[in-house]
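Asker: Next up, my_file22.txt (compact mmCIF, C-alpha atoms).
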# COMPACT_ATOMS: atom_id res chain seq x y z
CA MET C 1 -20.00 -18.23 49.21
CA PRO C 2 -21.69 -20.24 46.38
CA VAL C 3 -19.72 -23.36 45.49
CA ASN C 4 -20.05 -22.84 41.72
CA GLU C 5 -17.99 -19.63 41.61
CA PRO C 6 -14.86 -20.11 39.48
CA LYS C 7 -11.40 -20.45 41.02
CA ILE C 8 -8.79 -17.75 40.42
CA ALA C 9 -6.65 -20.22 38.43
CA ASP C 10 -9.54 -20.98 36.05
CA ILE C 11 -10.26 -17.28 35.50
CA VAL C 12 -6.61 -16.46 34.79
CA ILE C 13 -6.23 -19.43 32.41
CA GLY C 14 -9.47 -18.47 30.65
CA LYS C 15 -8.34 -14.85 30.15
CA LEU C 16 -4.80 -15.74 29.05
CA SER C 17 -5.92 -18.58 26.74
CA VAL C 18 -7.71 -16.11 24.46
CA HIS C 19 -4.33 -14.62 23.58
CA ILE C 20 -1.63 -17.25 24.12
CA GLY C 21 -3.65 -20.47 23.99
CA PRO C 22 -4.44 -22.91 26.81
CA ASN C 23 -1.05 -24.70 26.77
CA VAL C 24 1.04 -21.58 27.36
CA ALA C 25 -1.59 -20.12 29.72
CA LYS C 26 -1.38 -23.20 31.98
CA MET C 27 2.44 -23.31 31.71
CA ALA C 28 2.70 -19.60 32.58
CA LEU C 29 0.28 -19.85 35.50
CA ARG C 30 2.13 -22.86 36.98
CA THR C 31 5.43 -20.97 36.76
CA PHE C 32 4.23 -17.62 38.02
CA ALA C 33 1.87 -18.84 40.79
CA LYS C 34 4.91 -20.32 42.57
CA LYS C 35 6.92 -17.13 42.04
CA ALA C 36 3.99 -15.17 43.48
CA GLY C 37 4.19 -17.24 46.64
CA ALA C 38 1.28 -19.67 46.14
CA PRO C 39 2.02 -23.39 46.76
CA SER C 40 0.37 -24.23 43.41
CA ALA C 41 -1.78 -22.63 40.72
CA ASP C 42 -4.94 -24.24 42.13
CA ALA C 43 -4.18 -22.84 45.59
CA LEU C 44 -4.06 -19.20 44.42
CA THR C 45 -5.97 -16.80 46.65
CA ALA C 46 -7.02 -13.19 46.24
CA ALA C 47 -4.02 -12.24 48.40
CA ASP C 48 -1.63 -13.79 45.81
CA LEU C 49 -3.17 -11.84 42.95
CA PRO C 50 -1.05 -8.63 43.09
CA GLY C 51 2.13 -10.74 43.10
CA LEU C 52 0.84 -12.93 40.27
CA ILE C 53 -0.05 -9.87 38.18
CA GLN C 54 3.46 -8.46 38.75
CA GLU C 55 5.04 -11.77 37.68
CA MET C 56 2.88 -12.11 34.56
CA ARG C 57 3.39 -8.53 33.35
CA PRO C 58 6.84 -9.05 31.70
CA ILE C 59 5.76 -12.15 29.73
CA LEU C 60 2.61 -10.48 28.48
CA ASN C 61 4.55 -7.32 27.58
CA VAL C 62 6.77 -9.44 25.31
CA MET C 63 4.04 -11.68 23.94
CA ILE C 64 1.20 -9.24 23.22
CA GLY C 65 2.69 -5.77 23.80
CA ARG C 66 2.64 -3.36 26.75
CA MET C 67 -0.77 -1.70 26.34
CA PRO C 68 -2.72 -4.87 25.49
CA ALA C 69 -0.90 -6.59 28.40
CA GLU C 70 -2.09 -3.90 30.82
CA ALA C 71 -5.62 -4.27 29.45
CA VAL C 72 -5.55 -8.06 29.96
CA LEU C 73 -4.09 -7.75 33.48
CA THR C 74 -6.74 -5.17 34.43
CA ASP C 75 -9.39 -7.52 33.06
CA ILE C 76 -7.97 -10.44 35.12
CA THR C 77 -7.87 -8.34 38.31
CA ARG C 78 -11.47 -7.26 37.75
CA ALA C 79 -12.69 -10.80 36.99
CA CYS C 80 -10.84 -12.27 39.99
CA SER C 81 -12.39 -9.76 42.38
CA PHE C 82 -15.61 -11.78 41.97
CA ALA C 83 -13.90 -15.16 42.34
CA ALA C 84 -14.30 -17.55 45.21
CA PRO C 85 -11.30 -17.59 47.57
CA THR C 86 -9.64 -21.03 47.53
CA MET A 87 -15.12 -18.36 11.69
CA THR A 88 -12.93 -15.79 13.46
CA SER A 89 -11.66 -12.49 12.00
CA PHE A 90 -8.16 -13.98 12.14
CA SER A 91 -9.01 -17.00 9.98
CA ARG A 92 -10.80 -14.62 7.57
CA ILE A 93 -7.56 -12.62 7.22
CA GLY A 94 -5.73 -15.84 6.31
CA ILE A 95 -8.39 -16.88 3.79
CA GLY A 96 -8.28 -13.37 2.30
CA ALA A 97 -4.49 -13.58 1.87
CA ALA A 98 -4.75 -17.06 0.29
CA CYS A 99 -7.45 -15.89 -2.15
CA ALA A 100 -5.38 -12.81 -3.09
CA VAL A 101 -2.34 -15.03 -3.78
CA ALA A 102 -4.43 -17.41 -5.93
CA LEU A 103 -5.93 -14.51 -7.91
CA LEU A 104 -2.57 -12.78 -8.49
CA VAL A 105 -0.84 -16.00 -9.58
CA LEU A 106 -3.71 -16.98 -11.86
CA LEU A 107 -3.71 -13.53 -13.51
CA ASP A 108 0.08 -13.65 -13.82
CA ALA A 109 0.07 -17.11 -15.43
CA LEU A 110 -2.78 -16.37 -17.84
CA LEU A 111 -2.26 -12.69 -18.64
CA VAL A 112 1.49 -12.13 -18.85
CA PRO A 113 2.22 -14.49 -21.82
CA GLU A 114 -0.36 -12.53 -23.87
CA LEU A 115 1.19 -9.12 -23.12
CA SER A 116 3.71 -7.17 -25.19
CA THR A 117 7.23 -6.72 -23.75
CA GLY A 118 6.47 -3.17 -22.60
CA ALA A 119 3.14 -4.06 -21.00
CA ARG A 120 4.78 -7.11 -19.34
CA PHE A 121 7.42 -4.82 -17.80
CA TRP A 122 4.83 -2.46 -16.32
CA TYR A 123 2.51 -5.25 -15.17
CA GLY A 124 5.35 -7.03 -13.35
CA THR A 125 6.61 -3.78 -11.81
CA LEU A 126 3.14 -2.77 -10.62
CA ASN A 127 2.57 -6.20 -9.03
CA ARG A 128 5.88 -6.27 -7.15
CA VAL A 129 5.69 -2.63 -6.03
CA THR A 130 2.13 -3.18 -4.75
CA LEU A 131 3.12 -6.34 -2.84
CA TYR A 132 6.21 -4.79 -1.23
CA ALA A 133 4.34 -1.55 -0.43
CA LEU A 134 1.52 -3.54 1.19
CA GLY A 135 4.05 -5.52 3.25
CA ALA A 136 5.78 -2.30 4.37
CA ILE A 137 2.53 -0.45 5.23
CA ALA A 138 1.05 -3.38 7.19
CA ALA A 139 4.31 -3.93 9.11
CA GLY A 140 4.59 -0.18 9.77
CA LEU A 141 1.05 -0.05 11.18
CA ALA A 142 1.79 -3.02 13.46
CA ALA A 143 5.11 -1.47 14.56
CA GLY A 144 3.36 1.83 15.30
CA LYS A 145 0.85 0.03 17.53
CA PHE A 146 3.78 -1.20 19.68
CA GLY A 147 5.85 1.99 19.85
CA TRP A 148 8.17 1.06 16.93
CA TRP A 149 11.43 0.35 18.77
CA THR A 150 10.37 0.43 22.44
CA GLU A 151 8.84 -3.08 22.59
CA HIS A 152 9.94 -6.57 21.49
CA VAL A 153 7.04 -7.01 19.05
CA GLY A 154 7.37 -3.40 17.81
CA ARG A 155 11.06 -3.92 16.96
CA ALA A 156 10.25 -7.02 14.89
CA TRP A 157 7.56 -5.20 12.91
CA ALA A 158 9.75 -2.12 12.44
CA LEU A 159 12.42 -4.40 10.92
CA PHE A 160 9.84 -6.08 8.64
CA CYS A 161 8.78 -2.57 7.56
CA VAL A 162 12.43 -1.69 6.71
CA GLU A 163 12.83 -5.00 4.85
CA PHE A 164 9.82 -4.46 2.58
CA LEU A 165 10.63 -0.78 2.01
CA LEU A 166 14.17 -1.66 0.90
CA LEU A 167 12.97 -4.58 -1.25
CA LEU A 168 10.71 -2.04 -2.96
CA VAL A 169 13.60 0.43 -3.41
CA ASN A 170 15.86 -2.36 -4.71
CA TYR A 171 13.23 -3.57 -7.19
CA VAL A 172 12.60 -0.04 -8.54
CA LEU A 173 16.36 0.65 -8.78
CA ARG A 174 16.93 -2.61 -10.68
CA ARG A 175 14.34 -1.45 -13.22
CA ALA A 176 15.20 2.27 -13.34
CA ALA A 177 18.95 2.38 -12.66
CA PRO A 178 20.49 -1.07 -13.19
CA ASP A 179 24.03 0.39 -13.10
CA ALA A 180 23.68 1.88 -9.59
CA GLN A 181 25.61 -1.05 -8.09
CA LEU A 182 26.35 0.56 -4.71
CA ALA A 183 22.71 1.49 -4.07
CA LEU A 184 21.52 -1.91 -5.35
CA ASN A 185 23.96 -3.82 -3.10
CA ALA A 186 23.33 -1.61 -0.06
CA SER A 187 19.53 -1.87 -0.30
CA LEU A 188 19.67 -5.65 -0.81
CA VAL A 189 22.13 -6.23 2.07
CA VAL A 190 20.19 -4.07 4.56
CA ALA A 191 16.83 -5.57 3.46
CA ASN A 192 18.19 -9.07 4.05
CA LEU A 193 19.72 -8.20 7.43
CA ALA A 194 16.44 -6.58 8.51
CA GLN A 195 14.57 -9.72 7.40
CA ILE A 196 16.82 -12.04 9.43
CA ALA A 197 16.60 -9.80 12.52
CA ALA A 198 12.80 -9.52 12.23
CA TYR A 199 12.19 -13.28 11.86
CA TRP A 200 14.77 -13.93 14.61
CA LEU A 201 12.97 -11.61 17.05
CA MET A 202 9.60 -13.20 16.28
CA ALA A 203 11.03 -16.74 16.44
CA ARG A 204 12.42 -16.14 19.95
CA THR A 205 9.29 -14.49 21.39
CA LEU A 206 8.56 -17.42 23.72
CA THR A 207 12.18 -17.56 24.91
CA ALA A 208 12.23 -13.78 25.48
CA ALA A 209 9.06 -14.16 27.58
CA GLY A 210 10.77 -16.84 29.72
CA LEU A 211 8.66 -19.69 28.32
CA ASP A 212 9.49 -22.84 26.38
CA TYR A 213 8.18 -24.52 23.23
CA TYR A 214 5.66 -27.34 23.56
CA GLY A 215 7.01 -30.85 22.94
CA SER A 216 10.07 -32.94 23.74
CA ARG A 217 13.67 -31.79 23.17
CA ALA A 218 14.18 -34.58 20.61
CA LYS A 219 11.23 -33.32 18.53
CA LYS A 220 12.58 -29.75 18.61
CA VAL A 221 16.06 -30.86 17.50
CA LEU A 222 14.53 -32.98 14.73
CA ILE A 223 12.42 -30.09 13.38
CA ILE A 224 15.39 -27.68 13.43
CA ALA A 225 17.63 -30.27 11.70
CA ALA A 226 14.96 -30.85 9.02
CA ALA A 227 14.66 -27.07 8.44
CA LEU A 228 18.46 -26.77 8.11
CA ALA A 229 18.55 -29.66 5.60
CA VAL A 230 15.78 -28.08 3.50
CA ALA A 231 17.49 -24.65 3.68
CA VAL A 232 20.83 -26.01 2.45
CA LEU A 233 19.11 -28.08 -0.26
CA LEU A 234 17.13 -25.06 -1.53
CA CYS A 235 20.14 -22.72 -1.50
CA TYR A 236 22.82 -25.21 -2.61
CA SER A 237 22.86 -24.06 -6.23
CA SER A 238 22.99 -20.32 -5.35
CA LEU A 239 25.59 -20.99 -2.66
CA THR A 240 27.80 -22.88 -5.15
CA THR A 241 27.46 -20.07 -7.71
CA GLU A 242 28.47 -17.43 -5.13
CA TRP A 243 31.40 -19.59 -3.93
CA GLN A 244 32.65 -19.94 -7.52
CA SER A 245 32.31 -16.15 -8.01
CA ILE A 246 34.38 -15.51 -4.88
CA GLN A 247 37.06 -17.96 -6.08
CA ALA A 248 37.12 -16.16 -9.44
CA GLY A 249 37.69 -12.87 -7.58
CA ASP A 250 34.20 -11.52 -8.36
CA VAL A 251 32.62 -10.85 -4.94
CA ARG A 252 28.97 -9.75 -5.15
CA PRO A 253 28.10 -8.68 -1.58
CA GLY A 254 24.39 -8.18 -2.28
CA ARG A 255 23.94 -11.64 -3.78
CA LEU A 256 26.15 -13.33 -1.16
CA VAL A 257 24.29 -11.77 1.81
CA SER A 258 20.99 -12.60 0.09
CA VAL A 259 21.86 -16.32 -0.18
CA LEU A 260 23.17 -16.53 3.39
CA SER A 261 20.14 -14.67 4.74
CA ASP A 262 17.85 -17.05 2.81
CA ILE A 263 19.49 -20.02 4.58
CA ILE A 264 19.11 -18.39 8.03
CA THR A 265 15.50 -17.33 7.30
CA PHE A 266 14.58 -20.84 6.10
CA VAL A 267 16.05 -22.38 9.28
CA LEU A 268 13.96 -19.94 11.35
CA ILE A 269 10.80 -21.60 10.01
CA ALA A 270 11.49 -24.31 12.64
CA PRO A 271 11.15 -22.11 15.77
CA LEU A 272 8.26 -20.25 14.09
CA LEU A 273 6.40 -23.54 13.56
CA LEU A 274 7.20 -24.67 17.11
CA THR A 275 5.87 -21.36 18.45
CA THR A 276 2.74 -21.65 16.29
CA PHE A 277 2.11 -25.17 17.62
CA THR A 278 2.71 -24.07 21.22
CA LEU A 279 0.27 -21.14 20.92
CA ARG A 280 -2.56 -23.10 19.29
CA GLY A 281 -5.97 -22.09 20.59
CA GLY A 282 -4.90 -18.46 21.13
CA ARG A 283 -4.97 -15.37 18.93
CA LEU A 284 -1.17 -15.26 18.64
CA PHE A 285 -1.30 -18.69 16.93
CA TRP A 286 -2.50 -16.96 13.76
CA ILE A 287 0.35 -14.41 13.75
CA PHE A 288 3.06 -17.06 13.97
CA GLY A 289 1.23 -19.36 11.55
CA PHE A 290 1.04 -16.59 8.94
CA LEU A 291 4.73 -15.74 9.49
CA ALA A 292 5.69 -19.40 8.98
CA ILE A 293 3.68 -19.39 5.73
CA SER A 294 5.50 -16.20 4.64
CA VAL A 295 8.88 -17.95 5.17
CA PHE A 296 7.51 -20.84 3.08
CA GLY A 297 6.76 -18.23 0.38
CA TRP A 298 10.42 -17.13 0.35
CA MET A 299 11.38 -20.83 0.07
CA VAL A 300 9.13 -21.23 -2.98
CA ASN A 301 10.64 -18.05 -4.47
CA GLN A 302 14.17 -19.43 -3.98
CA ALA A 303 13.29 -22.80 -5.52
CA GLY A 304 11.08 -21.28 -8.26
CA THR A 305 13.28 -22.15 -11.23
CA SER A 306 13.75 -25.76 -10.10
CA ILE A 307 10.01 -26.16 -9.37
CA GLY A 308 9.22 -24.70 -12.82
CA LEU A 309 11.56 -27.19 -14.49
CA PHE A 310 10.14 -30.03 -12.39
CA LEU A 311 6.62 -29.09 -13.51
CA GLY A 312 7.87 -29.22 -17.10
CA GLY A 313 7.03 -25.57 -17.80
CA GLY A 314 10.54 -24.24 -18.39
CA GLU A 315 11.56 -20.61 -17.85
CA GLU A 316 8.01 -19.18 -17.94
CA ALA A 317 6.73 -21.62 -15.29
CA GLY A 318 9.78 -20.78 -13.15
CA ARG A 319 8.92 -17.08 -13.36
CA VAL A 320 5.32 -17.72 -12.29
CA VAL A 321 6.43 -19.93 -9.36
CA ARG A 322 8.98 -17.31 -8.22
CA PHE A 323 6.26 -14.64 -8.36
CA ALA A 324 3.89 -16.94 -6.42
CA GLY A 325 6.57 -17.24 -3.71
CA VAL A 326 6.93 -13.45 -3.42
CA ALA A 327 3.13 -13.07 -3.32
CA VAL A 328 2.80 -15.66 -0.53
CA ALA A 329 5.69 -14.11 1.45
CA SER A 330 4.43 -10.51 1.15
CA LEU A 331 0.72 -11.13 1.59
CA PHE A 332 1.07 -13.52 4.53
CA ASN A 333 3.54 -11.17 6.21
CA ALA A 334 0.94 -8.42 5.79
CA ALA A 335 -1.71 -10.84 7.14
CA ALA A 336 0.45 -11.51 10.22
CA ALA A 337 0.91 -7.75 10.76
CA ALA A 338 -2.84 -7.13 10.41
CA THR A 339 -3.55 -9.96 12.87
CA GLN A 340 -1.02 -8.56 15.37
CA TRP A 341 -2.64 -5.12 15.12
CA LEU A 342 -6.17 -6.51 15.42
CA ALA A 343 -5.30 -8.81 18.36
CA ALA A 344 -3.84 -5.85 20.30
CA ASP A 345 -6.81 -3.66 19.44
CA ARG A 346 -9.29 -6.35 20.54
CA ALA A 347 -7.48 -6.91 23.85
CA MET A 348 -7.78 -3.22 24.72
CA LYS A 349 -11.40 -2.87 23.56
CA GLU A 350 -12.49 -6.00 25.47
CA SER A 351 -10.92 -4.64 28.66
CA HIS A 352 -12.73 -1.30 28.27
CA ALA A 353 -16.01 -3.15 27.56
CA GLY A 354 -15.67 -5.00 30.88
CA GLU A 355 -15.38 -1.77 32.91
In structure tokens, what does this structure look like?

Answerer:
Amino acid sequence: MPVNEPKIADIVIGKLSVHIGPNVAKMALRTFAKKAGAPSADALTAADLPGLIQEMRPILNVMIGRMPAEAVLTDITRACSFAAPT
Amino acid sequence: MTSFSRIGIGAACAVALLVLLDALLVPELSTGARFWYGTLNRVTLYALGAIAAGLAAGKFGWWTEHVGRAWALFCVEFLLLLVNYVLRRAAPDAQLALNASLVVANLAQIAAYWLMARTLTAAGLDYYGSRAKKVLIIAAALAVAVLLCYSSLTTEWQSIQAGDVRPGRLVSVLSDIITFVLIAPLLLTTFTLRGGRLFWIFGFLAISVFGWMVNQAGTSIGLFLGGGEEAGRVVRFAGVAVASLFNAAAAATQWLAADRAMKESHAGE
């Protein structure tokens, strides 16, 4: 696996930042990575992704609306499928 | 420059143009023409606010989602402000309809700003910054709200003591105070969301609350500027223009941000 492939945490923060800004994106990822079972946001693996998506869905539904939230979560899942496992 | 900043610049330019026209044109008009010019301006602003909020509410299923509920309430507020304004001009004796439309418009306004102001809390997140800073900002907003509404509040209190209760006016003053206090959580949310698209929505909403503040303090600002009654009228109109146009700008931004999110996802497929 090439070393320059982005980590899952960076991809998620990048995708969320477009909508809710980097501060809230980092805050949300820290909170929901732990709820999804990862020891920290930086240690997220592809296996944690379904849980993370489930945890993030309610906040995005409130913040940006249900359909845009689904679009963003689909986009994150797609982008993370190419990410390097950490 | 992003589409969102362009929406804000567009709203600011529209406010400047409307206020300039109002200040320069109205003193030259006859009484009849002044009546129709003022009516047309207000009806257009309120209708624009209602249509933009309605479009945003429709994008989020009207009442089924948090954001949709807020925009549905903004839509009701502007529709009823429009009805109230037209009634005041066409049927000034219809007290029940005037009071009812004003009370419901104000309640819808409070509920709408309240829903938007607690978006972060509803999502399970917190504002950026220390607790002391948050308390300080809320206390400052409360002080400004009471200062701006003190004169109206005193007038309504004296009316109640004299046995003349005016429910429409009383609810309007109380809702102004609550709305002005809500500028604090709106500003905190705006600051927390900086760097994201939602930043613009909350920023425009905070500016729209500022517009209602200017409208409330219009007479005092007019006197302070040394322009008397006419300057007060122009400042009050400027406040309504800022409130309506920036609310419409926030609605347009909300709609556009949702639309972009969905289109970008489809583009990535």

Asker: Mind listing as a list of chain:residue names which residues of chain A are within 6 Å of chain C, counting all atoms listed in the file?

Answerer: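 Contact residues on the first chain: A:His152, A:Ala209, A:Leu279, A:Arg280, A:Gly281, A:Gly282, A:Arg283, A:Leu284, A:Ala344, A:Ala347, A:Met348, A:Ser351.
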
Asker: Write a file of the just-selected residues containing C-alpha atoms, as a PDB file, keeping the file's coordinate frame.

Answerer:
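Here's the written file selection_32.pdb:
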ATOM      1  CA  HIS A 152       9.940  -6.570  21.490  1.00  0.00           C
ATOM      2  CA  ALA A 209       9.060 -14.160  27.580  1.00  0.00           C
ATOM      3  CA  LEU A 279       0.270 -21.140  20.920  1.00  0.00           C
ATOM      4  CA  ARG A 280      -2.560 -23.100  19.290  1.00  0.00           C
ATOM      5  CA  GLY A 281      -5.970 -22.090  20.590  1.00  0.00           C
ATOM      6  CA  GLY A 282      -4.900 -18.460  21.130  1.00  0.00           C
ATOM      7  CA  ARG A 283      -4.970 -15.370  18.930  1.00  0.00           C
ATOM      8  CA  LEU A 284      -1.170 -15.260  18.640  1.00  0.00           C
ATOM      9  CA  ALA A 344      -3.840  -5.850  20.300  1.00  0.00           C
ATOM     10  CA  ALA A 347      -7.480  -6.910  23.850  1.00  0.00           C
ATOM     11  CA  MET A 348      -7.780  -3.220  24.720  1.00  0.00           C
ATOM     12  CA  SER A 351     -10.920  -4.640  28.660  1.00  0.00           C
TER      13      SER A 351
END

Asker: For the atom pair CA of Ala208 in chain A and CA of Gln195 in chain A, what is the interatomic distance in Å to one decimal place?

Answerer: 18.7 Å

Asker: Can you tell me, as a list in words, what residues are no more than 10 Å from Val112 in chain A when counting all atoms listed in the file, ignoring any on the same chain fewer than 3 positions away?

Answerer: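 Listed by chain and then number, they are Leu106, Leu107, Asp108, Ala109, Leu115, Ser116, Thr117, Ala119, Arg120, Phe121, Tyr123, Gly124, Glu316 and Val320 of chain A.
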
Asker: Quick one: everything within 9 Å of range 139-142 of chain A, counting only C-alpha atoms, minus sequence neighbours fewer than 6 positions away in the same chain. Send it as a list of chain:residue names.

Answerer: A:Trp148, A:Val153, A:Gly154, A:Ala156, A:Trp157, A:Ala158, A:Leu159, A:Phe160, A:Cys161, A:Val162, A:Phe164, A:Asn333, A:Ala334, A:Ala336, A:Ala337, A:Ala338, A:Thr339, A:Gln340, A:Trp341, A:Leu342

Asker: Could you give me the axis-aligned bounding box of range 44-54 of chain C, with 6 Å of padding per side, as centre plus edge lengths in Å to one decimal, as JSON?

Answerer:
{"center_x": -1.8, "center_y": -13.8, "center_z": 43.3, "size_x": 22.5, "size_y": 22.7, "size_z": 22.2}

Asker: Between CA of Val221 in chain A and CA of Val267 in chain A, what is the distance in Å, rounded to a tenth?

Answerer: 11.8 Å

Asker: Provide the CA of Ser261 in chain A to CA of Gly308 in chain A distance in Å, to one decimal place.

Answerer: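 Going from CA of Ser261 in chain A over to CA of Gly308 in chain A, I get 23.0 Å.
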
Asker: I'd like the contact shell of Val105 in chain A - 12 Å cut-off, all atoms listed in the file, skipping same-chain residues fewer than 5 positions apart - returned as a list in words.

Answerer: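 Using all atoms listed in the file, the neighbours found are Ala98, Cys99, Ala100, Leu110, Leu111, Val112, Gly124, Asn127, Ala317, Arg319, Val320, Val321, Arg322, Phe323, Ala324, Gly325, Val326, Ala327 and Val328 of chain A.
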
Asker: Filtering to C-alpha atoms, could you give me those residues as an mmCIF file, in the coordinates of the input?

Answerer:
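Output file part.cif is given in full below:
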data_model
loop_
_atom_site.group_PDB
_atom_site.id
_atom_site.type_symbol
_atom_site.label_atom_id
_atom_site.label_comp_id
_atom_site.auth_asym_id
_atom_site.auth_seq_id
_atom_site.Cartn_x
_atom_site.Cartn_y
_atom_site.Cartn_z
ATOM 1 C CA ALA A 98 -4.750 -17.060 0.290
ATOM 2 C CA CYS A 99 -7.450 -15.890 -2.150
ATOM 3 C CA ALA A 100 -5.380 -12.810 -3.090
ATOM 4 C CA LEU A 110 -2.780 -16.370 -17.840
ATOM 5 C CA LEU A 111 -2.260 -12.690 -18.640
ATOM 6 C CA VAL A 112 1.490 -12.130 -18.850
ATOM 7 C CA GLY A 124 5.350 -7.030 -13.350
ATOM 8 C CA ASN A 127 2.570 -6.200 -9.030
ATOM 9 C CA ALA A 317 6.730 -21.620 -15.290
ATOM 10 C CA ARG A 319 8.920 -17.080 -13.360
ATOM 11 C CA VAL A 320 5.320 -17.720 -12.290
ATOM 12 C CA VAL A 321 6.430 -19.930 -9.360
ATOM 13 C CA ARG A 322 8.980 -17.310 -8.220
ATOM 14 C CA PHE A 323 6.260 -14.640 -8.360
ATOM 15 C CA ALA A 324 3.890 -16.940 -6.420
ATOM 16 C CA GLY A 325 6.570 -17.240 -3.710
ATOM 17 C CA VAL A 326 6.930 -13.450 -3.420
ATOM 18 C CA ALA A 327 3.130 -13.070 -3.320
ATOM 19 C CA VAL A 328 2.800 -15.660 -0.530
#

Asker: Which residues are close to range 211-213 of chain A, i.e. within 6 Å by only C-alpha atoms, leaving aside same-chain residues fewer than 4 positions away? Reply as a PDB file with C-alpha atoms, in the frame of the given file.

Answerer:
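Contents of the output file result_13.pdb:
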ATOM      1  CA  LEU A 206       8.560 -17.420  23.720  1.00  0.00           C
ATOM      2  CA  THR A 207      12.180 -17.560  24.910  1.00  0.00           C
ATOM      3  CA  THR A 278       2.710 -24.070  21.220  1.00  0.00           C
TER       4      THR A 278
END

Asker: In terms of the shortest atom-to-atom distance over all atoms listed in the file, which of C:Ile13, C:Cys80, C:Ala41, C:Ala36 is closest to Glu55 in chain C?

Answerer: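 For Glu55 in chain C, the nearest of the given residues is C:Ala36.
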
Asker: For Ser81 in chain C, which residue out of C:Gly14, C:Ala33, C:Gly51, C:Thr45 is the nearest one, using only C-alpha atoms?

Answerer: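 Among the listed residues, C:Thr45 lies closest to Ser81 in chain C.
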
Asker: How would you write as a list in words the residues that get within 10 Å of (20.1, -1.6, 1.2) in the file's frame, counting all atoms listed in the file?

Answerer: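 I get Val162, Glu163, Leu165, Leu166, Leu167, Val169, Asn170, Leu182, Ala183, Leu184, Asn185, Ala186, Ser187, Leu188, Val189, Val190, Ala191, Asn192, Leu193, Ala194 and Gly254 of chain A for the residues within 10 Å of that point.
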